[in-house]
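Note: the block below is final_17.txt and it holds compact mmCIF, C-alpha atoms and all ligand atoms.
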```txt
# COMPACT_ATOMS: atom_id res chain seq x y z
CA MET Z 277 3.46 -0.19 -0.25
CA ARG Z 278 1.42 1.33 -3.03
CA LEU Z 279 -2.21 2.37 -2.76
CA LEU Z 280 -4.95 3.52 -5.09
CA LEU Z 281 -7.19 6.23 -3.67
CA VAL Z 282 -10.53 6.64 -5.45
CA GLU Z 283 -12.65 9.57 -4.29
CA ASP Z 284 -14.49 12.24 -6.28
CA ASP Z 285 -14.66 14.81 -3.48
CA ASN Z 286 -11.56 16.88 -4.28
CA THR Z 287 -11.09 18.25 -0.77
CA LEU Z 288 -11.36 14.85 0.89
CA ARG Z 289 -9.15 13.21 -1.73
CA ALA Z 290 -6.42 15.84 -1.31
CA GLN Z 291 -6.56 15.47 2.46
CA LEU Z 292 -6.32 11.67 2.34
CA HIS Z 293 -3.62 11.75 -0.35
CA ARG Z 294 -1.49 13.93 1.86
CA ALA Z 295 -2.06 11.82 4.99
CA LEU Z 296 -1.28 8.57 3.16
CA GLY Z 297 1.85 10.08 1.62
CA LEU Z 298 3.06 11.22 5.03
CA ALA Z 299 2.41 7.69 6.32
CA GLY Z 300 4.95 6.38 3.80
CA TYR Z 301 2.70 5.02 1.05
CA ALA Z 302 3.07 5.61 -2.67
CA VAL Z 303 -0.41 6.76 -3.69
CA ASP Z 304 -2.18 6.94 -7.06
CA GLN Z 305 -5.45 8.83 -7.29
CA ALA Z 306 -8.63 8.65 -9.35
CA ASP Z 307 -11.72 10.86 -9.17
CA ASN Z 308 -14.07 8.67 -11.20
CA GLY Z 309 -14.95 5.01 -11.61
CA ARG Z 310 -13.69 4.59 -15.15
CA ASP Z 311 -10.13 5.72 -14.35
CA ALA Z 312 -10.20 3.67 -11.14
CA LEU Z 313 -11.21 0.53 -13.01
CA PHE Z 314 -8.40 1.00 -15.54
CA LEU Z 315 -5.75 1.67 -12.89
CA GLY Z 316 -6.81 -1.33 -10.81
CA ASP Z 317 -6.65 -3.51 -13.92
CA THR Z 318 -3.22 -2.36 -15.04
CA GLU Z 319 -1.20 -1.32 -11.98
CA ALA Z 320 0.01 -3.22 -8.93
CA TYR Z 321 -1.62 -2.04 -5.69
CA ASP Z 322 -1.18 -3.35 -2.19
CA ALA Z 323 -4.60 -1.94 -1.25
CA VAL Z 324 -7.35 0.24 -2.70
CA ILE Z 325 -9.55 2.84 -1.01
CA LEU Z 326 -12.75 3.02 -3.05
CA ASP Z 327 -15.56 5.50 -2.62
CA LEU Z 328 -18.81 3.91 -3.80
CA GLY Z 329 -20.57 7.05 -5.08
CA LEU Z 330 -18.50 7.99 -8.13
CA PRO Z 331 -19.08 9.66 -11.51
CA ALA Z 332 -18.67 7.78 -14.81
CA LEU Z 333 -18.95 4.35 -13.16
CA ASP Z 334 -20.07 3.59 -9.60
CA GLY Z 335 -17.69 2.04 -7.11
CA LEU Z 336 -19.69 -1.16 -6.71
CA SER Z 337 -19.45 -1.88 -10.45
CA VAL Z 338 -15.71 -1.19 -10.35
CA LEU Z 339 -15.27 -3.61 -7.45
CA LYS Z 340 -17.40 -6.31 -9.10
CA HIS Z 341 -15.37 -5.99 -12.29
CA TRP Z 342 -12.08 -6.37 -10.42
CA ARG Z 343 -13.22 -9.43 -8.52
CA GLU Z 344 -14.69 -11.03 -11.65
CA HIS Z 345 -11.29 -10.52 -13.29
CA ASN Z 346 -9.50 -12.01 -10.30
CA ARG Z 347 -7.88 -8.78 -9.08
CA ARG Z 348 -7.09 -9.63 -5.49
CA HIS Z 349 -5.90 -6.33 -4.05
CA PRO Z 350 -7.57 -5.63 -0.68
CA VAL Z 351 -10.33 -3.03 -1.04
CA LEU Z 352 -11.65 -0.71 1.64
CA ILE Z 353 -14.91 0.94 0.57
CA LEU Z 354 -16.11 4.36 1.69
CA THR Z 355 -19.87 4.46 2.15
CA ALA Z 356 -22.46 7.12 2.86
CA ARG Z 357 -23.80 7.46 6.36
CA ASP Z 358 -26.74 5.26 7.35
CA SER Z 359 -26.50 3.18 4.24
CA TRP Z 360 -26.26 -0.34 5.67
CA SER Z 361 -27.42 -1.87 2.38
CA GLU Z 362 -24.43 -0.27 0.60
CA LYS Z 363 -22.07 -1.93 3.06
CA VAL Z 364 -23.69 -5.32 2.58
CA ALA Z 365 -23.57 -4.97 -1.20
CA GLY Z 366 -19.95 -3.82 -1.05
CA ILE Z 367 -18.79 -6.64 1.18
CA ASP Z 368 -20.66 -9.19 -0.92
CA ALA Z 369 -19.02 -7.74 -4.03
CA GLY Z 370 -15.58 -8.43 -2.55
CA ALA Z 371 -14.71 -5.50 -0.29
CA ASP Z 372 -12.45 -6.40 2.62
CA ASP Z 373 -13.46 -3.58 4.91
CA TYR Z 374 -15.54 -0.41 4.95
CA LEU Z 375 -15.60 3.03 6.51
CA THR Z 376 -18.67 5.21 6.84
CA LYS Z 377 -18.34 8.91 6.05
CA PRO Z 378 -17.45 11.06 7.84
CA PHE Z 379 -14.48 9.31 9.43
CA HIS Z 380 -11.23 10.24 11.10
CA THR Z 381 -8.12 9.96 8.95
CA GLU Z 382 -6.44 8.01 11.76
CA GLU Z 383 -9.09 5.32 11.50
CA LEU Z 384 -8.56 5.02 7.76
CA LEU Z 385 -4.80 4.67 8.31
CA ALA Z 386 -5.34 1.97 10.96
CA ARG Z 387 -7.68 0.02 8.69
CA ILE Z 388 -5.21 0.22 5.79
CA ARG Z 389 -2.43 -1.08 8.04
CA ALA Z 390 -4.70 -3.96 9.07
CA LEU Z 391 -5.57 -4.78 5.44
CA LEU Z 392 -1.89 -4.82 4.49
CA ARG Z 393 -1.05 -7.06 7.46
CA ARG Z 394 -3.79 -9.50 6.59
CA ALA Z 395 -2.86 -9.56 2.91
CA THR Z 396 0.76 -10.35 3.71
CA GLY Z 397 0.17 -12.71 6.64
CA GLN Z 398 1.58 -10.41 9.33
CA ALA Z 399 0.08 -10.55 12.81
CA SER Z 400 1.54 -7.45 14.43
CA PRO Z 401 1.75 -3.79 13.40
CA VAL Z 402 5.41 -3.97 14.39
CA LEU Z 403 7.20 -5.92 11.68
CA ARG Z 404 10.30 -7.81 12.81
CA CYS Z 405 13.30 -9.31 11.17
CA GLY Z 406 15.83 -10.40 13.78
CA ALA Z 407 16.91 -7.29 15.67
CA LEU Z 408 15.34 -5.05 13.05
CA THR Z 409 11.86 -3.65 13.67
CA LEU Z 410 9.57 -1.44 11.62
CA ASP Z 411 6.56 0.04 13.39
CA THR Z 412 3.93 0.55 10.69
CA ARG Z 413 1.96 2.90 13.00
CA THR Z 414 4.75 5.43 13.40
CA GLY Z 415 7.12 4.63 10.55
CA ARG Z 416 9.88 4.12 13.10
CA VAL Z 417 12.63 1.72 12.09
CA ALA Z 418 14.96 0.45 14.79
CA LEU Z 419 17.86 -1.92 15.17
CA ASN Z 420 18.23 -3.32 18.70
CA ASP Z 421 15.84 -0.53 19.74
CA GLN Z 422 18.14 2.15 18.32
CA ALA Z 423 16.37 4.31 15.74
CA VAL Z 424 17.61 3.91 12.16
CA SER Z 425 17.18 7.02 10.04
CA LEU Z 426 15.94 6.33 6.51
CA THR Z 427 14.96 8.48 3.54
CA SER Z 428 11.41 8.09 2.31
CA HIS Z 429 12.47 5.82 -0.58
CA GLU Z 430 14.66 3.67 1.64
CA TYR Z 431 11.70 3.34 4.00
CA LYS Z 432 9.37 2.30 1.16
CA VAL Z 433 11.79 -0.40 -0.01
CA LEU Z 434 12.33 -1.73 3.52
CA ALA Z 435 8.60 -1.65 4.39
CA TYR Z 436 7.78 -3.66 1.27
CA LEU Z 437 10.47 -6.25 2.05
CA MET Z 438 9.54 -6.44 5.74
CA HIS Z 439 5.94 -7.25 4.85
CA ARG Z 440 7.36 -10.26 2.96
CA PRO Z 441 10.20 -11.76 5.01
CA ASP Z 442 12.07 -14.60 3.31
CA ALA Z 443 10.26 -14.05 0.00
CA VAL Z 444 12.30 -13.28 -3.11
CA VAL Z 445 11.23 -9.89 -4.42
CA SER Z 446 12.35 -8.83 -7.88
CA ARG Z 447 13.61 -5.37 -8.71
CA SER Z 448 10.65 -4.77 -11.01
CA GLU Z 449 8.21 -5.78 -8.26
CA LEU Z 450 9.87 -3.33 -5.87
CA THR Z 451 9.73 -0.62 -8.54
CA GLU Z 452 5.99 -1.21 -9.00
CA HIS Z 453 5.27 -1.00 -5.30
CA ILE Z 454 7.33 1.94 -4.09
CA TYR Z 455 6.51 4.55 -6.72
CA ALA Z 456 3.24 6.26 -7.56
CA GLN Z 457 2.25 6.22 -11.22
CA ASP Z 458 3.27 9.81 -11.96
CA PHE Z 459 6.77 9.22 -10.62
CA ASP Z 460 9.67 8.97 -13.05
CA ARG Z 461 10.59 5.34 -12.39
CA ASP Z 462 13.91 3.74 -12.93
CA SER Z 463 14.50 0.21 -11.68
CA ASN Z 464 18.25 0.92 -11.47
CA THR Z 465 17.61 3.28 -8.59
CA ILE Z 466 16.28 0.32 -6.59
CA GLU Z 467 19.85 -0.96 -6.47
CA VAL Z 468 20.94 2.40 -5.11
CA PHE Z 469 18.30 2.34 -2.36
CA VAL Z 470 19.15 -1.25 -1.45
CA GLY Z 471 22.86 -0.34 -1.36
CA ARG Z 472 22.17 2.51 1.05
CA LEU Z 473 19.89 0.35 3.20
CA ARG Z 474 22.56 -2.33 3.47
CA LYS Z 475 24.98 0.20 4.94
CA LYS Z 476 22.45 0.91 7.70
CA LEU Z 477 21.46 -2.70 8.46
CA PRO Z 478 23.38 -5.76 9.70
CA PRO Z 479 25.32 -7.58 6.97
CA GLN Z 480 23.31 -10.13 4.96
CA THR Z 481 19.93 -8.72 6.05
CA ILE Z 482 19.07 -7.97 2.43
CA GLN Z 483 20.43 -10.82 0.33
CA THR Z 484 20.76 -10.74 -3.42
CA VAL Z 485 19.27 -13.77 -5.11
CA ARG Z 486 21.12 -13.84 -8.38
CA GLY Z 487 18.94 -13.16 -11.38
CA LEU Z 488 15.79 -13.05 -9.25
CA GLY Z 489 15.92 -10.18 -6.80
CA TYR Z 490 16.27 -9.58 -3.10
CA ARG Z 491 15.34 -11.46 0.03
CA LEU Z 492 15.09 -10.06 3.55
CA THR Z 493 16.29 -12.56 6.14
CA ALA Z 494 17.21 -12.33 9.80
CA PRO Z 495 21.01 -12.69 9.88
CA CA Z 501 -18.52 10.26 -3.82
```

In structure tokens, how does this file's structure come out?
Ligand code: CA
Amino acid sequence: MRLLLVEDDNTLRAQLHRALGLAGYAVDQADNGRDALFLGDTEAYDAVILDLGLPALDGLSVLKHWREHNRRHPVLILTARDSWSEKVAGIDAGADDYLTKPFHTEELLARIRALLRRATGQASPVLRCGALTLDTRTGRVALNDQAVSLTSHEYKVLAYLMHRPDAVVSRSELTEHIYAQDFDRDSNTIEVFVGRLRKKLPPQTIQTVRGLGYRLTAP
């Protein structure tokens, strides 16, 4: 799952970027509203963390622009303490959730997990596909309760597919959602990751839909 992190406080942004990366997300960053607006318009994000107080263009304007242009990615806004009117304005502009500064990184991670669940129609933080489970809180993948060891790219591919069971996901869609923008992308490597995943999962868990992509199905 790929996120956009928009925050102009360099220390906080670096800290969140690191925590989100460790949690298994591909993360793009912006430190001002203008870059954020452009990235949200042109890249595919599963969720966006948007500080409201930003240079160049404020977060509320960025959010309004996205929603007016039908960008549907879930948005969690970061607001200043004691600013209830900012929260109201943010939610009315199309934010899906908010956090008031200062906050604990764990709470941000939990709220992002919840946004991703809601956006993909999942009810539980533990995603299931037959005997295969992926715990989005810990990043643990298991098959019949036995841990399956995955590389970070294999995990990203599987997490994306497990958020969308039975949907056909194209290679280009996977490429867009497992790499951050600055990563040297190559959609052929998706095949490599899927090939490695298949060796670790029951046969037919990841099906190839000819000409269209992949589909995760309980065997
Ligand atoms: Ca700020």

Expected answer as a list of chain:residue names: residues within 9 Å of ligand CA 501 (chain Z), only C-alpha atoms and all ligand atoms: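 Residues lying within 9 Å of ligand CA 501 (chain Z): Z:Val282, Z:Glu283, Z:Asp284, Z:Asp285, Z:Asp307, Z:Asn308, Z:Asp327, Z:Leu328, Z:Gly329, Z:Leu330, Z:Pro331, Z:Asp334, Z:Gly335, Z:Leu354, Z:Thr355, Z:Ala356.
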
Contacts of region 310-316 of chain Z within 12 Å, all atoms listed in the file, excl. fewer than 6 positions in-chain, as a VMD selection string: chain Z and resid 278 to 284 303 to 304 322 to 328 330 to 343 345 to 351 456 to 457

Can you build me a table of region 288-312 of chain Z residues sitting at most 10 Å from region 373-390 of chain Z, with the closest atom pair per residue and its distance in Å to one decimal, using only C-alpha atoms, sorted by chain and residue number, as a Markdown table?
```
| residue | atom | partner | partner_atom | distance |
| --- | --- | --- | --- | --- |
| Z:Leu288 | CA | Z:Thr381 | CA | 10.0 |
| Z:Gln291 | CA | Z:Thr381 | CA | 8.7 |
| Z:Leu292 | CA | Z:Thr381 | CA | 7.1 |
| Z:Ala295 | CA | Z:Thr381 | CA | 7.5 |
| Z:Leu296 | CA | Z:Leu385 | CA | 7.4 |
| Z:Ala299 | CA | Z:Leu385 | CA | 8.1 |
```

May I have the residues within 9 Å of Leu437 (chain Z) as a PDB file with C-alpha atoms, keeping the file's coordinate frame, using all atoms listed in the file and disregarding those fewer than 5 positions away in the same chain?
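result_25.pdb, freshly written:
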```
ATOM      1  CA  LYS Z 432       9.370   2.300   1.160  1.00  0.00           C
ATOM      2  CA  ASP Z 442      12.070 -14.600   3.310  1.00  0.00           C
ATOM      3  CA  ALA Z 443      10.260 -14.050   0.000  1.00  0.00           C
ATOM      4  CA  VAL Z 444      12.300 -13.280  -3.110  1.00  0.00           C
ATOM      5  CA  VAL Z 445      11.230  -9.890  -4.420  1.00  0.00           C
ATOM      6  CA  LEU Z 450       9.870  -3.330  -5.870  1.00  0.00           C
ATOM      7  CA  ILE Z 482      19.070  -7.970   2.430  1.00  0.00           C
ATOM      8  CA  TYR Z 490      16.270  -9.580  -3.100  1.00  0.00           C
ATOM      9  CA  ARG Z 491      15.340 -11.460   0.030  1.00  0.00           C
ATOM     10  CA  LEU Z 492      15.090 -10.060   3.550  1.00  0.00           C
TER      11      LEU Z 492
END
```

Length of the CA of Asp462 (chain Z) to CA of Ala494 (chain Z) vector [Å]: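 For CA of Asp462 (chain Z) relative to CA of Ala494 (chain Z), the distance reads 28.0 Å.
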
Best match for closeness to Glu430 (chain Z) among Z:Pro478, Z:Gly300, Z:Pro495, Z:Gly366, counting all atoms listed in the file: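 For Glu430 (chain Z), the nearest of the candidates is Z:Gly300.
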
Atom-to-atom span, CA of Tyr455 (chain Z) and CA of Tyr431 (chain Z), Å: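 Separating CA of Tyr455 (chain Z) from CA of Tyr431 (chain Z) is a distance of 12.0 Å.
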
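Atom pair CA of Thr414 (chain Z) / CA of Ser463 (chain Z) has a distance of 27.4 Å (rounded to one decimal).
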
Residues within 9 Å of (10.4, -0.6, 4.7), file coords, only C-alpha atoms, listed as a PDB file with C-alpha atoms, in the frame of the given file:
```pdb
ATOM      1  CA  MET Z 277       3.460  -0.190  -0.250  1.00  0.00           C
ATOM      2  CA  GLY Z 300       4.950   6.380   3.800  1.00  0.00           C
ATOM      3  CA  LEU Z 410       9.570  -1.440  11.620  1.00  0.00           C
ATOM      4  CA  THR Z 412       3.930   0.550  10.690  1.00  0.00           C
ATOM      5  CA  GLY Z 415       7.120   4.630  10.550  1.00  0.00           C
ATOM      6  CA  VAL Z 417      12.630   1.720  12.090  1.00  0.00           C
ATOM      7  CA  HIS Z 429      12.470   5.820  -0.580  1.00  0.00           C
ATOM      8  CA  GLU Z 430      14.660   3.670   1.640  1.00  0.00           C
ATOM      9  CA  TYR Z 431      11.700   3.340   4.000  1.00  0.00           C
ATOM     10  CA  LYS Z 432       9.370   2.300   1.160  1.00  0.00           C
ATOM     11  CA  VAL Z 433      11.790  -0.400  -0.010  1.00  0.00           C
ATOM     12  CA  LEU Z 434      12.330  -1.730   3.520  1.00  0.00           C
ATOM     13  CA  ALA Z 435       8.600  -1.650   4.390  1.00  0.00           C
ATOM     14  CA  TYR Z 436       7.780  -3.660   1.270  1.00  0.00           C
ATOM     15  CA  LEU Z 437      10.470  -6.250   2.050  1.00  0.00           C
ATOM     16  CA  MET Z 438       9.540  -6.440   5.740  1.00  0.00           C
ATOM     17  CA  HIS Z 439       5.940  -7.250   4.850  1.00  0.00           C
TER      18      HIS Z 439
END
```

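Each of Z:Arg289, Z:Leu391, Z:Ala306, Z:Tyr321 was checked against Glu452 (chain Z) using only C-alpha atoms; the smallest atom-to-atom distance is that of Z:Tyr321.
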
Best match for closeness to Ala407 (chain Z) among Z:Asp372, Z:Asp460, Z:Asp421, Z:Glu362, counting all atoms listed in the file: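 Among Z:Asp372, Z:Asp460, Z:Asp421, Z:Glu362, it is Z:Asp421 that comes nearest to Ala407 (chain Z).
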
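Each of Z:Arg416, Z:Arg440, Z:Arg447, Z:Arg394 was compared to Glu467 (chain Z) using only C-alpha atoms, and Z:Arg447 turns out to be the nearest.
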
Distance criterion (all atoms listed in the file): nearest to Glu344 (chain Z) out of Z:Thr465, Z:Gly370, Z:Ala365, Z:Gln483: Z:Gly370

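Distance check against Arg413 (chain Z) using only C-alpha atoms: of Z:Ala290, Z:Arg357, Z:Gly489, Z:Leu298, the minimum falls on Z:Leu298.
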